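Since the structure comes first, as structure tokens, the remarks are kept for the end.
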Amino acid sequence: MDRLTAPSLDQLRTRTSEKWREYPPDVLPLFVAEMDFALAEPIAEALSDAIARSDTGYAGPDEALPEGFAAFAGRRWAWQVDPGRVSTTTDVSVVVVETLRLATSADDGVVINPPVYAPFADLVREAGCTVVEVPLLPGGASGAWSLDLDGLERAFAAGARAYLLCNPHNPLGLVHSRQQLQAVAELAARYDVTVVSDEIHAPLTHAGVAFTPFLDVSEAAREQGVAAHSASKAWNLAGLKCALFVTGSDRMHRMLAALPEEVHFRTSLFGRIAATAAFTAGEPWLDAALAAIEHNGALLGTLLSERMPRIRFMPPEASYLAWLDFRGAGWGDDPSVRALSDARVALNPGPSFGTQGRGFARLNFACSPEVLAEAVTRLAAASPR
């Protein structure tokens with residue numbers, strides 16, 4: 001399998017997920033993080049087999065998914081995971097909120113790095129905590145962004161009790177270096193800060209880029225951290241509801257042992273079946289999806305350069321999400337408004353990722369090259385050169 005192709009728009013519009021029901025049919029939906037590719041065959045077969053045997057009950061005890069994820073992490077990232085320290089729940093948001101509830105007290109500060117995945121601030125508040133912003137350091141001429149380690153230390157020293165790390169970072173597709181993550185772990189140990197590392201986009205790291213699991217960087221990281229993983233983004237399984245708590249130390253394993261049993265019991269059985277198939281038999285499909293994604297990322301760069309040269313685009317190192325800088329094009333604080341009204345292209349509003357996102361929009365390019373080209377054509381027609 002070299003590279004995946006997407007179904008036609010007519011076929012895609014028969015889907016009932018948010019991507020295809022949020023807007024009218026004349027809108028090209030390039031917003032929510034859903035891919036257009038057909039489901040991986042091993043996953044489809046595993047779900048079909050479950051239906052055939054009427055295996056539609058509650059998710060009981062299971063070893064296959066923790067062992068499958070541990071084996072995948074070893075193959076993909078040379079990360080040695082103890083399956084006994086992997087447990088399930090419904091989604092990564094639950095991993096985040098429930099870990100923060102255990103690690104913090106009411107109104108404790110939790111650090112996030114805007115521009116960042118829009119629900120992070122809401123998840124912090126859901127856990128009863130206070131959002132502390134340490135924005136990413138914006139790139140210079142290269143356009144690269146990075147963690148603000150000095151800012152993190154100031155926040156930790158001022159009393160923040162936890163840090164919600166996005167690794168890789170959404171919406172930028174930034175893959176943090178091992179050196180930066182080691183520095184984060186050292187700071188977390190110094191100030192006794194719990195780090196929750198959302199690693200949902202990790203399997204979507206592009207060729208030639210090395211993803212570093214936070215728990216793999218040092219003993220300090222393992223003592224202070226909990227990682228959140230899922231097959232949902234990489235294999236397009238968000239609707240099936242299954243995510244993983246991963247720990248690397250006795251200390252953090254004991255902390256998570258205090259979780260209510262219902263947190264695990266609410267795991268979707270279909271989600272667990274699908275995730276197990278993904279991690280154990282889904283790598284050929286994943287590699288083909290990444291080839292398609294990387295091809296589209298290069299195509300997007302070319303199209304923007306030719307048709308919308310005022311738009312700045314730094315190709316992501318992971319994911320299928322493009323963080324587009326419209327500030328030079330004069331599209332206002334929220335370019336997604338004009339994209340929808342004038343071009344009939346749905347993008348994510350940049351300001352929803354934090355005030356640092358003013359003038360930006362996020363575009364999902366996990367689609368066919370034809371849809372991507374049509375989207376840029378529409379956007380260019382709505383904007384003078």
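Letters for chains follow the order of the structure tokens (A, B, ...), residue numbers begin at 1 for each chain, and ligand numbers begin at 1 in the order shown.
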_Selection near Ser230 (chain A), 6 Å with only C-alpha atoms, sequence-local residues under 3 positions removed, as a count of residues only_ = 3
*Any idea what's packed within 8 Å of Trp285 (chain A), counting only C-alpha atoms, ignoring anything in its chain fewer than 5 positions away? Could you give it as an MDAnalysis selection string?*
chainID A and resid 1 4 40
Please provide as a PDB file with C-alpha atoms, in the first residue's frame all residues within 12 Å of Ser268 (chain A), with the sequence filter that same-chain residues fewer than 5 positions apart are discarded (counting only C-alpha atoms).
```pdb
ATOM      1  CA  ASP A  55     -20.120  -8.805  20.906  1.00  0.00           C
ATOM      2  CA  THR A  56     -21.779  -5.516  21.842  1.00  0.00           C
ATOM      3  CA  GLY A  57     -21.673  -5.515  25.639  1.00  0.00           C
ATOM      4  CA  TYR A  58     -19.607  -3.746  28.255  1.00  0.00           C
ATOM      5  CA  ALA A  59     -15.826  -3.550  28.125  1.00  0.00           C
ATOM      6  CA  GLY A  60     -14.542  -6.012  30.700  1.00  0.00           C
ATOM      7  CA  THR A  88      -8.363   2.638  29.221  1.00  0.00           C
ATOM      8  CA  THR A  89     -11.148   5.190  29.303  1.00  0.00           C
ATOM      9  CA  THR A  90     -13.394   6.915  26.780  1.00  0.00           C
ATOM     10  CA  ASP A  91     -11.135   9.594  25.295  1.00  0.00           C
ATOM     11  CA  LEU A 237     -11.663   6.385  15.311  1.00  0.00           C
ATOM     12  CA  ALA A 238     -12.821   9.328  17.420  1.00  0.00           C
ATOM     13  CA  GLY A 239     -16.455   8.199  17.428  1.00  0.00           C
ATOM     14  CA  LEU A 240     -15.574   4.825  18.941  1.00  0.00           C
ATOM     15  CA  LYS A 241     -14.354   6.295  22.261  1.00  0.00           C
ATOM     16  CA  CYS A 242     -11.251   4.633  23.626  1.00  0.00           C
ATOM     17  CA  ALA A 243      -8.097   6.224  25.049  1.00  0.00           C
ATOM     18  CA  GLU A 262     -16.338   3.891  36.275  1.00  0.00           C
ATOM     19  CA  VAL A 263     -13.592   5.901  34.535  1.00  0.00           C
ATOM     20  CA  ILE A 273     -11.605  -3.633  19.654  1.00  0.00           C
ATOM     21  CA  ALA A 274     -10.782  -1.028  16.989  1.00  0.00           C
ATOM     22  CA  ALA A 275      -7.785   0.358  18.887  1.00  0.00           C
TER      23      ALA A 275
END
```
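Using only C-alpha atoms for every distance, the candidate list A:Ala343, A:Ala318, A:Val193, A:Ala121 yields A:Val193 as the residue closest to Ala155 (chain A).
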*Write out as a PyMOL selection string each polymer residue whose atoms come within 12 Å of region 377-380 of chain A, counting only C-alpha atoms; drop sequence neighbours fewer than 2 positions from it.*
chain A and resi 26-28+300+303-311+326+329+331+335-347+363+370-375+382-385
Expected file contents, prior selection, C-alpha atoms, as a PDB file, in the first residue's frame:
```
ATOM      1  CA  ASP A  26     -21.792  23.687  -0.764  1.00  0.00           C
ATOM      2  CA  VAL A  27     -19.153  24.096   1.984  1.00  0.00           C
ATOM      3  CA  LEU A  28     -15.844  22.241   1.814  1.00  0.00           C
ATOM      4  CA  LEU A 300      -0.725  22.817   0.032  1.00  0.00           C
ATOM      5  CA  LEU A 303      -0.684  25.973  -3.982  1.00  0.00           C
ATOM      6  CA  LEU A 304      -0.438  28.690  -1.359  1.00  0.00           C
ATOM      7  CA  SER A 305       2.878  29.904  -2.736  1.00  0.00           C
ATOM      8  CA  GLU A 306       1.398  30.166  -6.237  1.00  0.00           C
ATOM      9  CA  ARG A 307      -2.086  31.475  -5.462  1.00  0.00           C
ATOM     10  CA  MET A 308      -1.981  33.097  -2.022  1.00  0.00           C
ATOM     11  CA  PRO A 309       1.606  34.224  -1.444  1.00  0.00           C
ATOM     12  CA  ARG A 310       0.582  36.474   1.459  1.00  0.00           C
ATOM     13  CA  ILE A 311      -0.423  33.423   3.516  1.00  0.00           C
ATOM     14  CA  PHE A 326      -3.429  35.217   7.247  1.00  0.00           C
ATOM     15  CA  ALA A 329      -3.529  39.098   3.776  1.00  0.00           C
ATOM     16  CA  TRP A 331      -8.405  38.895   6.716  1.00  0.00           C
ATOM     17  CA  PRO A 335      -9.923  34.568   8.906  1.00  0.00           C
ATOM     18  CA  SER A 336     -12.252  31.573   9.153  1.00  0.00           C
ATOM     19  CA  VAL A 337     -15.232  33.951   9.033  1.00  0.00           C
ATOM     20  CA  ARG A 338     -14.283  35.235   5.576  1.00  0.00           C
ATOM     21  CA  ALA A 339     -13.242  31.766   4.421  1.00  0.00           C
ATOM     22  CA  LEU A 340     -16.728  30.481   5.180  1.00  0.00           C
ATOM     23  CA  SER A 341     -18.751  33.448   3.969  1.00  0.00           C
ATOM     24  CA  ASP A 342     -16.796  34.303   0.805  1.00  0.00           C
ATOM     25  CA  ALA A 343     -15.133  31.006  -0.176  1.00  0.00           C
ATOM     26  CA  ARG A 344     -17.483  28.421   1.368  1.00  0.00           C
ATOM     27  CA  VAL A 345     -14.520  26.689   3.020  1.00  0.00           C
ATOM     28  CA  ALA A 346     -14.847  25.787   6.701  1.00  0.00           C
ATOM     29  CA  LEU A 347     -11.670  26.305   8.727  1.00  0.00           C
ATOM     30  CA  LEU A 363      -6.953  23.774   7.902  1.00  0.00           C
ATOM     31  CA  GLU A 370      -8.632  17.555  -5.617  1.00  0.00           C
ATOM     32  CA  VAL A 371     -10.599  18.823  -2.617  1.00  0.00           C
ATOM     33  CA  LEU A 372      -7.511  20.558  -1.259  1.00  0.00           C
ATOM     34  CA  ALA A 373      -6.850  22.272  -4.602  1.00  0.00           C
ATOM     35  CA  GLU A 374     -10.485  23.359  -4.841  1.00  0.00           C
ATOM     36  CA  ALA A 375     -10.326  24.805  -1.319  1.00  0.00           C
ATOM     37  CA  ALA A 382     -11.922  35.492  -2.063  1.00  0.00           C
ATOM     38  CA  SER A 383      -8.646  37.307  -1.498  1.00  0.00           C
ATOM     39  CA  PRO A 384      -6.819  39.799  -3.726  1.00  0.00           C
ATOM     40  CA  ARG A 385      -3.149  38.955  -4.241  1.00  0.00           C
TER      41      ARG A 385
END
```
Sorted per-residue table, region 201-235 of chain A near region 245-258 of chain A, closest atoms and distance, 8 Å, only C-alpha atoms, as JSON lines:
```
{"residue": "A:Leu215", "atom": "CA", "partner": "A:Gly248", "partner_atom": "CA", "distance": 6.3}
{"residue": "A:Arg222", "atom": "CA", "partner": "A:Gly248", "partner_atom": "CA", "distance": 4.8}
{"residue": "A:Glu223", "atom": "CA", "partner": "A:Ser249", "partner_atom": "CA", "distance": 5.6}
{"residue": "A:Gln224", "atom": "CA", "partner": "A:Met252", "partner_atom": "CA", "distance": 7.2}
{"residue": "A:Gly225", "atom": "CA", "partner": "A:Thr247", "partner_atom": "CA", "distance": 7.0}
{"residue": "A:Val226", "atom": "CA", "partner": "A:Thr247", "partner_atom": "CA", "distance": 5.2}
{"residue": "A:Ala227", "atom": "CA", "partner": "A:Val246", "partner_atom": "CA", "distance": 5.0}
{"residue": "A:Ala228", "atom": "CA", "partner": "A:Phe245", "partner_atom": "CA", "distance": 5.3}
{"residue": "A:His229", "atom": "CA", "partner": "A:Phe245", "partner_atom": "CA", "distance": 6.8}
```
Restricting it to C-alpha atoms, dump the selection as a compact mmCIF listing (two decimals), in the first residue's frame.
```txt
# COMPACT_ATOMS: atom_id res chain seq x y z
CA LEU A 215 7.80 9.41 29.72
CA ARG A 222 8.39 9.09 34.62
CA GLU A 223 8.07 10.26 38.24
CA GLN A 224 6.13 13.40 37.31
CA GLY A 225 4.21 12.41 34.19
CA VAL A 226 1.13 10.69 32.80
CA ALA A 227 0.79 10.22 29.04
CA ALA A 228 -2.50 10.21 27.15
CA HIS A 229 -2.65 8.08 24.01
```
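Checking A:Leu259, A:Ala202, A:Ala118, A:Leu299 one by one against Gly350 (chain A), counting only C-alpha atoms, you find the shortest gap at A:Ala118.
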*Which residues come within 12 Å of Arg362 (chain A), counting only C-alpha atoms, excluding same-chain residues fewer than 6 positions away, as a ChimeraX atom specification?*
/A:29-33,115-118,170-173,313-314,316,319-326,334-336,339,345-353
*Based on DSSP run over this structure's backbone, return all residues of region 6-183 of chain A in helix (DSSP H, G or I), as an MDAnalysis selection string.*
chainID A and resid 9:12 18:21 41:52 64:77 83:85 92:103 119:126 149:157 178:183
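Residue nearest Pro138 (chain A), chosen from A:Leu174, A:Ala73, A:Val196, A:Ala78 and counting only C-alpha atoms: A:Leu174.
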*Would you give me, as JSON, numbers by chain, the residues in region 64-308 of chain A that DSSP reads as strand (DSSP E)?*
{"A": [86, 87, 88, 89, 109, 110, 111, 112, 130, 131, 132, 133, 162, 163, 164, 165, 166, 194, 195, 196, 197, 198, 225, 226, 227, 228, 229, 243, 244, 245, 246]}
I want to know what sits within 10 Å of Asp10 (chain A), based on only C-alpha atoms, with residues of the same chain fewer than 4 positions away left out; could you give that as a tab-separated table (two decimals) with C-alpha atoms, in the first residue's frame?
```
chain	number	residue	atom	x	y	z
A	14	THR	CA	-23.27	10.21	3.23
A	15	ARG	CA	-21.28	10.14	6.49
A	25	PRO	CA	-23.28	20.69	1.07
```
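Going from CA of Ala210 (chain A) over to CA of Cys166 (chain A), you cover 15.6 Å.
Note that the spacing between CA of Phe270 (chain A) and CA of Leu47 (chain A) amounts to 6.8 Å.
CA of Ala71 (chain A) is positioned 22.8 Å from CA of Leu181 (chain A).
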*Which of these, A:Asn296, A:Asn236, A:Thr194, A:Ser218, has the shortest distance to Glu34 (chain A) once you count only C-alpha atoms?*
A:Asn236
